[in-house]
$ cat structure.cif   # mmCIF, C-alpha atoms
data_work
#
loop_
_atom_site.label_atom_id
_atom_site.label_comp_id
_atom_site.auth_asym_id
_atom_site.auth_seq_id
_atom_site.Cartn_x
_atom_site.Cartn_y
_atom_site.Cartn_z
CA MET A 1 29.00 -66.35 -48.58
CA PRO A 2 28.82 -65.98 -44.76
CA THR A 3 28.75 -69.19 -42.77
CA ARG A 4 25.30 -70.03 -41.32
CA LEU A 5 25.30 -71.83 -37.96
CA PRO A 6 22.82 -74.66 -37.56
CA LEU A 7 19.74 -73.80 -35.51
CA ILE A 8 20.68 -76.29 -32.78
CA TRP A 9 23.97 -74.48 -32.13
CA LEU A 10 22.19 -71.16 -31.73
CA LEU A 11 19.83 -72.72 -29.19
CA ALA A 12 22.73 -74.18 -27.27
CA PHE A 13 24.56 -70.84 -27.01
CA GLY A 14 21.36 -69.20 -25.74
CA LEU A 15 20.87 -71.86 -23.07
CA VAL A 16 24.41 -71.39 -21.75
CA GLY A 17 23.88 -67.58 -21.48
CA TRP A 18 20.63 -68.08 -19.63
CA LEU A 19 22.16 -70.50 -17.13
CA GLY A 20 25.06 -68.15 -16.53
CA GLY A 21 22.68 -65.25 -15.77
CA CYS A 22 20.75 -67.32 -13.24
CA GLY A 23 23.84 -67.92 -11.19
CA SER A 24 24.47 -64.26 -10.11
CA GLU A 25 22.43 -62.02 -7.82
CA PRO A 26 21.80 -58.43 -9.05
CA GLU A 27 23.51 -55.75 -6.96
CA ILE A 28 21.16 -53.47 -4.98
CA THR A 29 22.29 -49.91 -4.38
CA THR A 30 20.77 -48.11 -1.41
CA TYR A 31 20.41 -44.35 -0.93
CA THR A 32 19.72 -42.35 2.21
CA ILE A 33 17.17 -39.62 1.57
CA PRO A 34 17.48 -36.71 4.03
CA LYS A 35 14.27 -35.89 5.85
CA ASN A 36 15.17 -32.21 6.24
CA MET A 37 15.61 -29.94 3.23
CA PRO A 38 18.98 -28.17 3.05
CA GLU A 39 18.77 -24.74 4.66
CA GLU A 40 19.61 -22.90 1.44
CA LEU A 41 16.60 -24.52 -0.26
CA VAL A 42 14.08 -23.82 2.48
CA PRO A 43 11.75 -20.94 1.47
CA GLY A 44 12.14 -17.95 3.77
CA LYS A 45 9.51 -15.67 5.18
CA GLN A 46 7.49 -13.58 2.75
CA ARG A 47 6.51 -9.97 3.36
CA LEU A 48 3.54 -8.42 1.59
CA LEU A 49 2.93 -4.68 1.37
CA ALA A 50 -0.28 -3.47 -0.26
CA VAL A 51 -2.11 -0.15 -0.29
CA MET A 52 -5.77 0.19 -1.23
CA VAL A 53 -6.89 3.63 -2.43
CA PRO A 54 -10.66 4.03 -2.99
CA ARG A 55 -11.60 6.69 -5.54
CA GLY A 56 -15.17 7.09 -6.66
CA SER A 57 -16.57 3.77 -7.84
CA GLU A 58 -13.21 2.01 -8.04
CA ALA A 59 -10.25 1.12 -5.86
CA TRP A 60 -6.57 1.26 -6.80
CA PHE A 61 -4.14 -1.33 -5.49
CA PHE A 62 -0.36 -0.93 -5.08
CA LYS A 63 1.40 -4.11 -3.99
CA ILE A 64 4.84 -5.61 -3.37
CA GLN A 65 5.44 -9.19 -2.25
CA GLY A 66 8.72 -11.05 -1.90
CA PRO A 67 11.37 -12.38 0.48
CA GLU A 68 11.16 -10.58 3.80
CA GLU A 69 14.77 -9.33 3.74
CA ALA A 70 14.32 -7.87 0.25
CA VAL A 71 11.01 -6.15 1.02
CA ASP A 72 12.33 -4.78 4.34
CA GLY A 73 14.77 -2.58 2.44
CA VAL A 74 12.11 -0.91 0.30
CA ALA A 75 9.19 -0.79 2.74
CA GLN A 76 9.52 2.85 3.72
CA PRO A 77 10.26 4.13 0.18
CA PHE A 78 7.21 2.19 -1.01
CA LYS A 79 4.94 3.79 1.59
CA ASP A 80 6.32 7.26 0.91
CA PHE A 81 5.94 6.82 -2.85
CA VAL A 82 2.35 5.61 -2.70
CA GLN A 83 1.32 8.38 -0.30
CA SER A 84 2.83 10.97 -2.65
CA ILE A 85 0.95 9.75 -5.74
CA GLU A 86 -1.47 12.12 -7.41
CA PHE A 87 -4.19 11.29 -9.93
CA GLY A 88 -4.56 13.01 -13.29
CA GLU A 89 -7.64 14.22 -15.08
CA SER A 90 -8.04 10.74 -16.56
CA GLY A 91 -8.54 9.37 -13.05
CA GLN A 92 -5.37 7.30 -13.28
CA PRO A 93 -2.37 7.55 -10.93
CA ILE A 94 0.66 9.56 -12.06
CA LEU A 95 3.68 7.34 -11.42
CA ASP A 96 6.31 9.85 -12.53
CA PRO A 97 8.80 10.58 -11.08
CA LEU A 98 9.82 7.22 -9.65
CA PRO A 99 12.34 6.86 -6.83
CA GLU A 100 15.95 6.42 -7.92
CA SER A 101 16.74 2.95 -9.37
CA TRP A 102 13.03 2.10 -9.78
CA GLN A 103 12.09 1.33 -13.37
CA LEU A 104 8.70 1.29 -15.07
CA GLY A 105 8.17 -1.97 -16.92
CA GLY A 106 6.33 -2.66 -20.14
CA GLU A 107 2.65 -3.36 -20.47
CA LYS A 108 1.33 -6.59 -19.01
CA PRO A 109 -2.13 -8.12 -19.37
CA MET A 110 -4.59 -7.48 -16.56
CA ARG A 111 -2.39 -4.84 -14.91
CA PHE A 112 -2.25 -1.03 -15.06
CA ALA A 113 1.52 -0.84 -14.48
CA THR A 114 4.55 -2.73 -13.17
CA VAL A 115 7.52 -1.06 -11.50
CA TYR A 116 10.74 -3.04 -11.07
CA ILE A 117 12.77 -2.46 -7.90
CA ASN A 118 16.28 -3.86 -7.67
CA THR A 119 17.51 -4.95 -4.25
CA ALA A 120 20.61 -6.82 -3.09
CA LYS A 121 18.46 -9.88 -2.46
CA LYS A 122 16.06 -9.97 -5.38
CA GLN A 123 14.35 -7.85 -8.01
CA LEU A 124 10.90 -6.98 -6.72
CA GLU A 125 7.77 -5.96 -8.60
CA LEU A 126 5.45 -3.18 -7.54
CA THR A 127 2.15 -3.93 -9.25
CA VAL A 128 -0.58 -1.37 -9.85
CA SER A 129 -4.14 -2.45 -10.64
CA THR A 130 -7.71 -1.28 -10.21
CA LEU A 131 -11.15 -2.80 -9.72
CA PRO A 132 -14.68 -1.47 -9.23
CA ILE A 133 -15.96 -1.24 -5.66
CA ASN A 134 -19.06 -3.37 -5.23
CA GLY A 135 -21.35 -3.31 -2.23
CA ASP A 136 -20.36 -2.10 1.22
CA TYR A 137 -16.82 -0.68 1.18
CA PRO A 138 -15.68 -1.97 4.61
CA GLU A 139 -16.76 -5.48 3.64
CA TYR A 140 -15.15 -5.15 0.21
CA ALA A 141 -11.91 -3.91 1.77
CA ALA A 142 -11.82 -6.71 4.35
CA GLN A 143 -12.27 -9.33 1.62
CA ASN A 144 -9.25 -7.99 -0.26
CA VAL A 145 -7.10 -7.74 2.86
CA ASN A 146 -8.01 -11.27 3.95
CA ARG A 147 -7.07 -12.48 0.49
CA TRP A 148 -3.67 -10.86 0.85
CA ARG A 149 -3.32 -12.52 4.25
CA ASN A 150 -3.94 -15.86 2.57
CA GLN A 151 -1.14 -15.20 0.07
CA VAL A 152 1.39 -15.27 2.91
CA GLY A 153 -0.25 -18.13 4.78
CA LEU A 154 -2.11 -16.09 7.41
CA LYS A 155 -5.59 -16.94 8.61
CA PRO A 156 -8.51 -14.61 7.83
CA SER A 157 -9.10 -11.86 10.37
CA ASP A 158 -12.39 -10.45 11.62
CA GLU A 159 -10.68 -7.34 13.03
CA THR A 160 -11.47 -3.89 11.65
CA TRP A 161 -10.18 -3.77 8.05
CA ALA A 162 -9.02 -7.39 8.58
CA GLY A 163 -5.90 -6.13 10.33
CA ALA A 164 -4.86 -3.51 7.76
CA GLU A 165 -3.90 -0.03 8.98
CA PRO A 166 -5.73 3.19 8.03
CA LEU A 167 -3.49 5.36 5.86
CA GLU A 168 -3.70 9.11 5.34
CA MET A 169 -4.19 9.86 1.65
CA GLU A 170 -6.06 12.98 0.57
CA VAL A 171 -6.63 11.53 -2.90
CA ALA A 172 -8.81 8.80 -1.37
CA ASP A 173 -12.59 9.22 -1.24
CA LYS A 174 -12.92 6.70 1.58
CA GLN A 175 -10.43 5.27 4.04
CA ALA A 176 -7.18 4.22 2.35
CA LEU A 177 -5.56 1.12 3.85
CA LEU A 178 -2.07 -0.32 4.26
CA ALA A 179 -1.64 -4.08 4.57
CA ASP A 180 1.76 -5.14 5.93
CA PHE A 181 1.99 -8.87 6.59
CA VAL A 182 4.79 -11.41 7.07
CA GLY A 183 4.22 -15.13 6.74
CA GLU A 184 5.04 -18.31 4.89
CA PRO A 185 4.76 -18.32 1.10
CA THR A 186 1.84 -20.30 -0.27
CA SER A 187 1.83 -22.33 -3.45
CA GLY A 188 -0.74 -20.47 -5.46
CA GLY A 189 -2.87 -19.77 -2.41
CA GLY A 190 -4.98 -16.75 -3.07
CA SER A 191 -3.92 -16.42 -6.67
CA MET A 192 -7.20 -17.67 -8.04
CA MET A 193 -9.69 -14.92 -8.66
CA PRO A 194 -13.41 -15.50 -8.08
CA PRO A 195 -15.80 -14.02 -10.63
CA MET A 196 -16.62 -10.36 -10.21
CA MET A 197 -19.93 -9.82 -8.51
CA GLY A 198 -21.61 -7.05 -10.39
CA GLY A 199 -20.04 -4.24 -12.38
CA SER A 200 -17.33 -4.53 -15.00
CA MET A 201 -13.66 -3.78 -15.34
CA MET A 202 -12.91 -0.09 -15.33
CA GLY A 203 -10.98 1.68 -18.05
CA GLY A 204 -7.27 1.02 -17.83
CA GLY A 205 -7.89 -1.31 -14.92
CA ALA A 206 -7.33 -4.94 -14.34
CA MET A 207 -8.62 -7.90 -12.44
CA THR A 208 -5.52 -9.51 -11.00
CA GLY A 209 -4.41 -11.60 -8.06
CA ASP A 210 -3.61 -8.33 -6.29
CA ALA A 211 -7.21 -7.36 -5.70
CA LEU A 212 -10.59 -8.94 -5.17
CA ALA A 213 -13.89 -7.50 -6.28
CA GLY A 214 -16.27 -8.51 -3.53
CA GLY A 215 -19.62 -7.56 -2.06
CA SER A 216 -23.02 -7.78 -3.66
CA ALA A 217 -24.84 -5.22 -5.71
CA GLY A 218 -28.45 -4.62 -6.48
CA LYS A 219 -29.96 -2.81 -9.43
CA GLY A 220 -27.95 0.09 -10.72
CA GLY A 221 -24.92 -1.09 -8.78
CA GLU A 222 -26.38 -0.06 -5.42
CA SER A 223 -25.57 -2.16 -2.41
CA SER A 224 -28.24 -4.65 -1.47
CA GLY A 225 -27.04 -4.74 2.14
CA GLN A 226 -28.21 -2.59 5.04
CA ALA A 227 -24.87 -0.84 5.70
CA THR A 228 -24.69 2.89 5.10
CA GLU A 229 -21.83 5.29 4.56
CA THR A 230 -20.05 6.41 7.71
CA GLN A 231 -21.02 9.97 8.49
CA SER A 232 -18.35 12.57 9.25
CA PRO A 233 -18.10 13.42 12.94
CA LYS A 234 -19.42 16.76 14.15
CA TYR A 235 -16.99 19.51 15.06
CA ASP A 236 -17.33 22.76 16.95
CA PHE A 237 -14.94 25.57 16.03
CA GLU A 238 -14.57 29.27 15.47
CA THR A 239 -13.92 30.23 11.85
CA PRO A 240 -11.07 32.76 11.59
CA GLU A 241 -11.79 35.97 9.75
CA GLY A 242 -11.48 35.61 5.99
CA TRP A 243 -11.68 31.80 5.97
CA GLN A 244 -14.26 30.42 3.57
CA GLU A 245 -15.68 27.02 4.44
CA GLN A 246 -16.02 24.68 1.44
CA GLU A 247 -18.00 21.53 0.80
CA ALA A 248 -16.22 18.61 2.44
CA ARG A 249 -15.50 15.94 -0.15
CA GLY A 250 -13.90 12.52 -0.02
CA MET A 251 -12.02 12.03 3.23
CA ARG A 252 -12.13 15.74 4.01
CA GLU A 253 -14.36 16.31 7.02
CA LEU A 254 -13.71 20.05 7.02
CA SER A 255 -12.33 22.21 4.23
CA PHE A 256 -11.53 25.93 4.00
CA VAL A 257 -10.01 28.31 1.46
CA VAL A 258 -7.89 31.04 3.08
CA GLY A 259 -5.81 34.00 1.96
CA PRO A 260 -5.99 36.42 -0.97
CA GLU A 261 -7.73 35.36 -4.17
CA ASP A 262 -4.48 35.31 -6.16
CA ALA A 263 -2.60 33.21 -3.57
CA THR A 264 -5.06 31.04 -1.70
CA ALA A 265 -4.16 28.19 0.62
CA GLU A 266 -6.32 25.22 1.57
CA VAL A 267 -7.05 23.98 5.08
CA THR A 268 -8.37 20.45 5.50
CA LEU A 269 -9.25 18.14 8.38
CA ILE A 270 -9.29 14.39 7.90
CA THR A 271 -9.19 11.32 10.15
CA ALA A 272 -6.68 8.62 9.24
CA GLY A 273 -3.84 6.45 10.51
CA GLY A 274 -0.10 6.31 9.99
CA ASP A 275 2.89 6.83 12.26
CA LEU A 276 4.12 10.30 13.19
CA ARG A 277 7.58 10.21 11.64
CA SER A 278 6.43 8.83 8.28
CA ASN A 279 3.81 11.54 7.90
CA VAL A 280 6.23 14.34 8.79
CA ALA A 281 8.90 12.98 6.44
CA ARG A 282 6.32 12.69 3.64
CA TRP A 283 5.18 16.31 4.12
CA MET A 284 8.78 17.49 4.09
CA GLY A 285 9.36 15.53 0.90
CA GLN A 286 6.30 17.12 -0.71
CA VAL A 287 7.66 20.59 0.04
CA ILE A 288 11.25 20.03 -1.13
CA LYS A 289 10.14 17.66 -3.90
CA GLY A 290 12.62 15.05 -2.80
CA THR A 291 13.62 12.86 0.13
CA PRO A 292 14.51 14.74 3.32
CA GLU A 293 17.62 13.83 5.30
CA ASP A 294 17.01 11.80 8.45
CA GLU A 295 18.68 14.52 10.51
CA ALA A 296 16.26 17.12 9.11
CA VAL A 297 13.28 14.93 10.00
CA ASP A 298 14.66 14.40 13.51
CA GLN A 299 15.02 18.16 13.95
CA MET A 300 11.49 18.79 12.69
CA LEU A 301 10.13 16.29 15.23
CA THR A 302 12.15 17.93 17.99
CA ASP A 303 10.94 21.42 17.07
CA ALA A 304 7.26 20.45 16.99
CA GLU A 305 4.90 22.80 18.82
CA ARG A 306 2.91 20.85 21.40
CA PHE A 307 -0.44 21.96 22.82
CA ASP A 308 -3.92 20.67 23.70
CA VAL A 309 -6.69 20.27 21.13
CA SER A 310 -10.06 19.03 22.38
CA GLY A 311 -8.41 17.19 25.27
CA PHE A 312 -5.73 15.50 23.17
CA GLU A 313 -2.03 16.35 22.94
CA ALA A 314 -1.37 17.73 19.46
CA GLN A 315 1.90 18.31 17.62
CA ARG A 316 2.22 21.05 15.01
CA PHE A 317 4.81 21.11 12.22
CA ILE A 318 5.48 24.13 10.02
CA ILE A 319 7.40 23.17 6.88
CA GLU A 320 8.42 26.29 5.01
CA GLY A 321 8.97 26.15 1.28
CA ASP A 322 10.98 28.42 -1.00
CA ALA A 323 8.65 30.41 -3.26
CA GLY A 324 11.60 31.24 -5.53
CA GLN A 325 11.96 27.53 -6.32
CA GLY A 326 8.25 27.05 -6.88
CA GLN A 327 7.72 25.34 -3.54
CA PHE A 328 4.68 25.60 -1.27
CA SER A 329 4.52 25.48 2.52
CA ILE A 330 2.70 23.12 4.86
CA ASP A 331 1.37 23.91 8.34
CA ALA A 332 0.21 20.55 9.71
CA THR A 333 -1.04 19.43 13.09
CA ILE A 334 -1.47 15.81 14.15
CA ILE A 335 -3.96 15.10 16.94
CA PRO A 336 -3.74 11.43 18.09
CA THR A 337 -7.12 10.18 19.24
CA GLU A 338 -8.23 6.61 19.93
CA GLY A 339 -7.84 3.32 18.11
CA ASN A 340 -4.62 4.25 16.26
CA PHE A 341 -6.43 7.08 14.48
CA SER A 342 -5.43 10.73 14.35
CA LYS A 343 -6.96 14.00 13.22
CA PHE A 344 -4.83 15.73 10.59
CA VAL A 345 -5.37 19.47 10.24
CA LYS A 346 -3.25 20.80 7.40
CA MET A 347 -2.82 24.07 5.56
CA THR A 348 -1.11 23.88 2.17
CA GLY A 349 -0.38 26.85 -0.05
CA PRO A 350 2.00 29.63 -1.09
CA PRO A 351 4.71 30.26 1.54
CA LYS A 352 3.64 33.88 2.12
CA THR A 353 -0.02 32.97 2.64
CA VAL A 354 0.76 30.08 4.98
CA SER A 355 3.06 32.34 7.00
CA GLU A 356 0.47 35.13 7.24
CA GLN A 357 -2.21 32.64 8.37
CA ARG A 358 -0.07 31.10 11.11
CA ASP A 359 -1.83 32.86 14.00
CA ALA A 360 -5.26 32.23 12.48
CA MET A 361 -4.42 28.54 12.19
CA LYS A 362 -3.42 28.38 15.86
CA SER A 363 -6.63 30.14 16.84
CA PHE A 364 -8.70 27.68 14.81
CA LEU A 365 -6.94 24.68 16.37
CA GLN A 366 -7.47 25.95 19.91
CA SER A 367 -11.16 26.47 19.22
CA LEU A 368 -11.63 23.02 17.67
CA SER A 369 -13.72 20.57 19.67
CA PHE A 370 -14.87 17.04 18.79
#
$ encode --input "structure.cif" --output "structure tokens"
Amino acid sequence: MPTRLPLIWLLAFGLVGWLGGCGSEPEITTYTIPKNMPEELVPGKQRLLAVMVPRGSEAWFFKIQGPEEAVDGVAQPFKDFVQSIEFGESGQPILDPLPESWQLGGEKPMRFATVYINTAKKQLELTVSTLPINGDYPEYAAQNVNRWRNQVGLKPSDETWAGAEPLEMEVADKQALLADFVGEPTSGGGSMMPPMMGGSMMGGGAMTGDALAGGSAGKGGESSGQATETQSPKYDFETPEGWQEQEARGMRELSFVVGPEDATAEVTLITAGGDLRSNVARWMGQVIKGTPEDEAVDQMLTDAERFDVSGFEAQRFIIEGDAGQGQFSIDATIIPTEGNFSKFVKMTGPPKTVSEQRDAMKSFLQSLSF
């Protein structure tokens, strides 16, 4: 049997241990906590690119947000891609073909599509979503743009379109907008979505952090405010022989059908924003169905025909396509006006028709007054 110690001995051993512990001070280890975060851990600047495309009763949103250096490298391809998008009979954007190395992701809740873009810095996401337009469009647009500003730590703006730039897009029914902001990343700022005010989610669409359904609606979805649609400006011009004026729809302020019935071309006039080079490069890309070389764009800019239209210096670009390869031609004139806006007068159609209508187009432009 094991030996059992008397209780008094156990108490004595415990007392000795306790006295021994009282005789030593515990060691205190101190640490110096740096006040400044290491540079590699400090969040960098964020750049947000977003395009709003109003179509009918809904708006489509295309957005990229990420580290500034990563987004810088895809900013121009993003703008070119969005401006080249067409919409199918279903009313949804056709995202095919994508630029090289861009990949369409799988389905995600509350989003129409996600496109993954690999960069040397980080994989970025291009998100595509849609929401109904409620109330006055300028107010609705400003609410969305200010929300994007908040996502990169910028204060709300009361400027026109909240600081976004008008963007030329013929598929838009109202003014398309480009938001391009750089700021500090926010922790969830702007990611919360207020309830939709009137209307419901559209087919295939989503209510996401990329877009905000704002404004107020009365019965039948009509705006309860006093704002009215902006009317198209009035133009004076001489219609060339054979041109047939059409009903101006969407952003088109003037529209004509020209040429023979079996090979008609379309002439449109719209007011929008966007820089000169980007628009010319986009038109060239539409004709060749690819990305033009920088040297070719430079030459096109150099060769532009310059003349006066209604007191403004215009530049005309004739981009000839190859009919044998199924290409069309574009005869486009940009007329810079005021407030970073321009008039875009463009003929698009079969190469032979566009070529035959070249003098008529020049005559129309010289007669145009606004």
$ atom_distance --input "structure.cif" --atom1 "atom CA of A:Ile64" --atom2 "atom CA of A:Asn340"
23.9 Å
$ atom_distance --input "structure.cif" --atom1 "atom CA of A:Asp80" --atom2 "atom CA of A:Gly290"
10.7 Å
$ closest_residue --input "structure.cif" --among "A:Phe61, A:Lys352, A:Phe112, A:Ala162" --to "A:Asp262" --atoms "all atoms listed in the file"
A:Lys352
$ residues_near_point --input "structure.cif" --point "(6.5, 30.7, -2.9)" --cutoff "10 Å" --atoms "all atoms listed in the file" --output "PDB file with C-alpha atoms, in the frame of the given file"
ATOM      1  CA  ALA A 263      -2.600  33.210  -3.570  1.00  0.00           C
ATOM      2  CA  GLU A 320       8.420  26.290   5.010  1.00  0.00           C
ATOM      3  CA  GLY A 321       8.970  26.150   1.280  1.00  0.00           C
ATOM      4  CA  ASP A 322      10.980  28.420  -1.000  1.00  0.00           C
ATOM      5  CA  ALA A 323       8.650  30.410  -3.260  1.00  0.00           C
ATOM      6  CA  GLY A 324      11.600  31.240  -5.530  1.00  0.00           C
ATOM      7  CA  GLN A 325      11.960  27.530  -6.320  1.00  0.00           C
ATOM      8  CA  GLY A 326       8.250  27.050  -6.880  1.00  0.00           C
ATOM      9  CA  GLN A 327       7.720  25.340  -3.540  1.00  0.00           C
ATOM     10  CA  PHE A 328       4.680  25.600  -1.270  1.00  0.00           C
ATOM     11  CA  SER A 329       4.520  25.480   2.520  1.00  0.00           C
ATOM     12  CA  GLY A 349      -0.380  26.850  -0.050  1.00  0.00           C
ATOM     13  CA  PRO A 350       2.000  29.630  -1.090  1.00  0.00           C
ATOM     14  CA  PRO A 351       4.710  30.260   1.540  1.00  0.00           C
ATOM     15  CA  LYS A 352       3.640  33.880   2.120  1.00  0.00           C
ATOM     16  CA  THR A 353      -0.020  32.970   2.640  1.00  0.00           C
ATOM     17  CA  VAL A 354       0.760  30.080   4.980  1.00  0.00           C
TER      18      VAL A 354
END
$ atom_distance --input "structure.cif" --atom1 "atom CA of A:Phe370" --atom2 "atom CA of A:Val267"
17.2 Å
$ residues_around --input "structure.cif" --residues "stretch 69-72 of chain A" --least-positions-apart "4" --cutoff "12 Å" --atoms "only C-alpha atoms" --output "JSON list (two decimals) with C-alpha atoms, keeping the file's coordinate frame"
[["chain", "number", "residue", "atom", "x", "y", "z"],
["A", 44, "GLY", "CA", 12.14, -17.95, 3.77],
["A", 45, "LYS", "CA", 9.51, -15.67, 5.18],
["A", 46, "GLN", "CA", 7.49, -13.58, 2.75],
["A", 47, "ARG", "CA", 6.51, -9.97, 3.36],
["A", 48, "LEU", "CA", 3.54, -8.42, 1.59],
["A", 49, "LEU", "CA", 2.93, -4.68, 1.37],
["A", 50, "ALA", "CA", -0.28, -3.47, -0.26],
["A", 63, "LYS", "CA", 1.40, -4.11, -3.99],
["A", 64, "ILE", "CA", 4.84, -5.61, -3.37],
["A", 65, "GLN", "CA", 5.44, -9.19, -2.25],
["A", 76, "GLN", "CA", 9.52, 2.85, 3.72],
["A", 77, "PRO", "CA", 10.26, 4.13, 0.18],
["A", 78, "PHE", "CA", 7.21, 2.19, -1.01],
["A", 79, "LYS", "CA", 4.94, 3.79, 1.59],
["A", 117, "ILE", "CA", 12.77, -2.46, -7.90],
["A", 118, "ASN", "CA", 16.28, -3.86, -7.67],
["A", 119, "THR", "CA", 17.51, -4.95, -4.25],
["A", 120, "ALA", "CA", 20.61, -6.82, -3.09],
["A", 121, "LYS", "CA", 18.46, -9.88, -2.46],
["A", 122, "LYS", "CA", 16.06, -9.97, -5.38],
["A", 123, "GLN", "CA", 14.35, -7.85, -8.01],
["A", 124, "LEU", "CA", 10.90, -6.98, -6.72],
["A", 125, "GLU", "CA", 7.77, -5.96, -8.60],
["A", 126, "LEU", "CA", 5.45, -3.18, -7.54],
["A", 180, "ASP", "CA", 1.76, -5.14, 5.93],
["A", 181, "PHE", "CA", 1.99, -8.87, 6.59],
["A", 182, "VAL", "CA", 4.79, -11.41, 7.07]]
$ closest_residue --input "structure.cif" --among "A:Ile319, A:Met52, A:Ala75, A:Leu154" --to "A:Ala141" --atoms "all atoms listed in the file"
A:Met52
$ resolve_selection --input "structure.cif" --expression "the PyMOL selection byres ((chain A and resi 149) around 9)" --output "PyMOL selection string"
chain A and resi 48+144-148+150-157+162+179+181-183+190
$ resolve_selection --input "structure.cif" --expression "the PyMOL selection byres ((chain A and resi 91) around 10)" --output "CSV table (one decimal) with C-alpha atoms, in the frame of the given file"
chain,number,residue,atom,x,y,z
A,55,ARG,CA,-11.6,6.7,-5.5
A,56,GLY,CA,-15.2,7.1,-6.7
A,86,GLU,CA,-1.5,12.1,-7.4
A,87,PHE,CA,-4.2,11.3,-9.9
A,88,GLY,CA,-4.6,13.0,-13.3
A,89,GLU,CA,-7.6,14.2,-15.1
A,90,SER,CA,-8.0,10.7,-16.6
A,92,GLN,CA,-5.4,7.3,-13.3
A,93,PRO,CA,-2.4,7.6,-10.9
A,94,ILE,CA,0.7,9.6,-12.1
A,203,GLY,CA,-11.0,1.7,-18.0
A,204,GLY,CA,-7.3,1.0,-17.8
$ residues_around --input "structure.cif" --residues "A:Phe307" --least-positions-apart "6" --cutoff "9 Å" --atoms "all atoms listed in the file" --output "list in words"
Glu313, Ala314, Gln315, Arg316 and Gln366 of chain A
$ resolve_selection --input "structure.cif" --expression "the PyMOL selection byres ((chain A and resi 297) around 12)" --output "count of residues only"
25
